[in-house]
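Since the structure comes first, as structure tokens, the remarks are kept for the end.
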Amino acid sequence: MRQTYLQRNILLVELGFKTYEDYLLSNLWKRIRAKVLDRDERECRLCGVTSYMVHHLDYKKDTLLGKSFTGLVTICQLCHNKVEFNRYGEKRSLSDAKSTYKRMSRLPKTEVRRQNQARKSRRLPSGPR
């Protein structure tokens with residue numbers, strides 16, 4: 001079954017969080033995030049630059065509770081924006097974001113960095129407006 005943001009939000013309420021933002025501010029998320037950053041040595045999985053952001057590849061219950069870390073990766077802001085938003089700054093669906101991540105993860109990190117630099121220099125949208 002394809003997961004949606006609505007399904008994620010329903011699951012978070014079942015886990016005791018009013019919103020996704022509340023979850024991201026929780027001590028639970030802080031502990032999970034720290035473990036992922038340590039595991040990945042604070043390196044973006046896509047381009048290799050130093051990063052302090054963790055991206056959800058899925059919102060399964062075990063991922064949200066920190067029982068499984070396979071659905072979490074360290075990712076830099078530029079790569080995160082590319083995964084999460086299309087070229088017009090519109091948020092991608094979960095399945096589209098996951099597909100974009102998978103496509104980018106097949107590229108050499110040097111190529112992803114080159115694309116990020118080209119994107120920055122062209123001043124294309126790199127996230128929400």
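By order in the structure tokens, chains are A, B, ...; within a chain, residues start at 1; ligands start at 1, following the order shown.
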
_I'd like the contact shell of Leu15 in chain A - 9 Å cut-off, only C-alpha atoms, skipping same-chain residues fewer than 6 positions apart - returned as an NGL selection string._
:A and (61 or 64-65)

Could you dump the residues just selected with all heavy atoms as a PDB file, in the first residue's frame?
```pdb
ATOM      1  N   LYS A  61       5.408   2.692  11.322  1.00  0.00           N
ATOM      2  CA  LYS A  61       5.352   2.822  12.780  1.00  0.00           C
ATOM      3  C   LYS A  61       6.724   2.578  13.409  1.00  0.00           C
ATOM      4  O   LYS A  61       7.166   3.346  14.273  1.00  0.00           O
ATOM      5  CB  LYS A  61       4.320   1.857  13.357  1.00  0.00           C
ATOM      6  CG  LYS A  61       4.081   2.025  14.832  1.00  0.00           C
ATOM      7  CD  LYS A  61       2.948   1.123  15.300  1.00  0.00           C
ATOM      8  CE  LYS A  61       2.635   1.345  16.768  1.00  0.00           C
ATOM      9  NZ  LYS A  61       1.503   0.506  17.208  1.00  0.00           N
ATOM     10  N   LEU A  64       8.936   5.609  12.829  1.00  0.00           N
ATOM     11  CA  LEU A  64       8.542   6.754  13.650  1.00  0.00           C
ATOM     12  C   LEU A  64       8.890   6.559  15.123  1.00  0.00           C
ATOM     13  O   LEU A  64       9.158   7.527  15.835  1.00  0.00           O
ATOM     14  CB  LEU A  64       7.047   7.024  13.498  1.00  0.00           C
ATOM     15  CG  LEU A  64       6.604   7.521  12.123  1.00  0.00           C
ATOM     16  CD1 LEU A  64       5.088   7.547  12.032  1.00  0.00           C
ATOM     17  CD2 LEU A  64       7.188   8.887  11.820  1.00  0.00           C
ATOM     18  N   LEU A  65       8.893   5.312  15.579  1.00  0.00           N
ATOM     19  CA  LEU A  65       9.216   5.017  16.977  1.00  0.00           C
ATOM     20  C   LEU A  65      10.705   4.787  17.221  1.00  0.00           C
ATOM     21  O   LEU A  65      11.131   4.593  18.357  1.00  0.00           O
ATOM     22  CB  LEU A  65       8.425   3.794  17.449  1.00  0.00           C
ATOM     23  CG  LEU A  65       6.919   3.999  17.605  1.00  0.00           C
ATOM     24  CD1 LEU A  65       6.224   2.681  17.911  1.00  0.00           C
ATOM     25  CD2 LEU A  65       6.624   5.034  18.681  1.00  0.00           C
TER      26      LEU A  65
END
```

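Within the 9 Å cut-off around Arg113 in chain A, using only C-alpha atoms and omitting residues fewer than 4 positions from it on the same chain, the listed residues are A:Leu46, A:Cys47, A:Gly48, A:Val49, A:Cys79, A:Pro108, A:Lys109, A:Gln117, A:Ala118.
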
*asked:* What's around Asp58 in chain A at 12 Å? Count only C-alpha atoms, leave out sequence neighbours fewer than 6 positions away in its own chain, and write the answer as a count of residues only.
replied: 22

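Here CA of Cys44 in chain A stands at a distance of 5.1 Å from CA of Thr74 in chain A.
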
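For the pair CA of Leu57 in chain A and CA of Trp29 in chain A, the separation is 14.8 Å.
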
*Could you please write out, as a PyMOL selection string, every residue of chain A that DSSP assigns to helix (DSSP H, G or I)?*
chain A and resi 5-14+20-24+27-39+61-64+77-84+94-105+109-122

*List every residue of chain A that DSSP, applied to the backbone of this structure, assigns to strand (DSSP E or B), and report them as a PyMOL selection string.*
chain A and resi 43+50+54-56+72-74+85+91

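The space between CA of Met104 in chain A and CA of Lys30 in chain A spans 26.5 Å.
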
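Ranking A:Arg122, A:Asn86, A:Asp22, A:Ile75 by their shortest atom-to-atom distance to Ser105 in chain A, with only C-alpha atoms included, puts A:Ile75 first.
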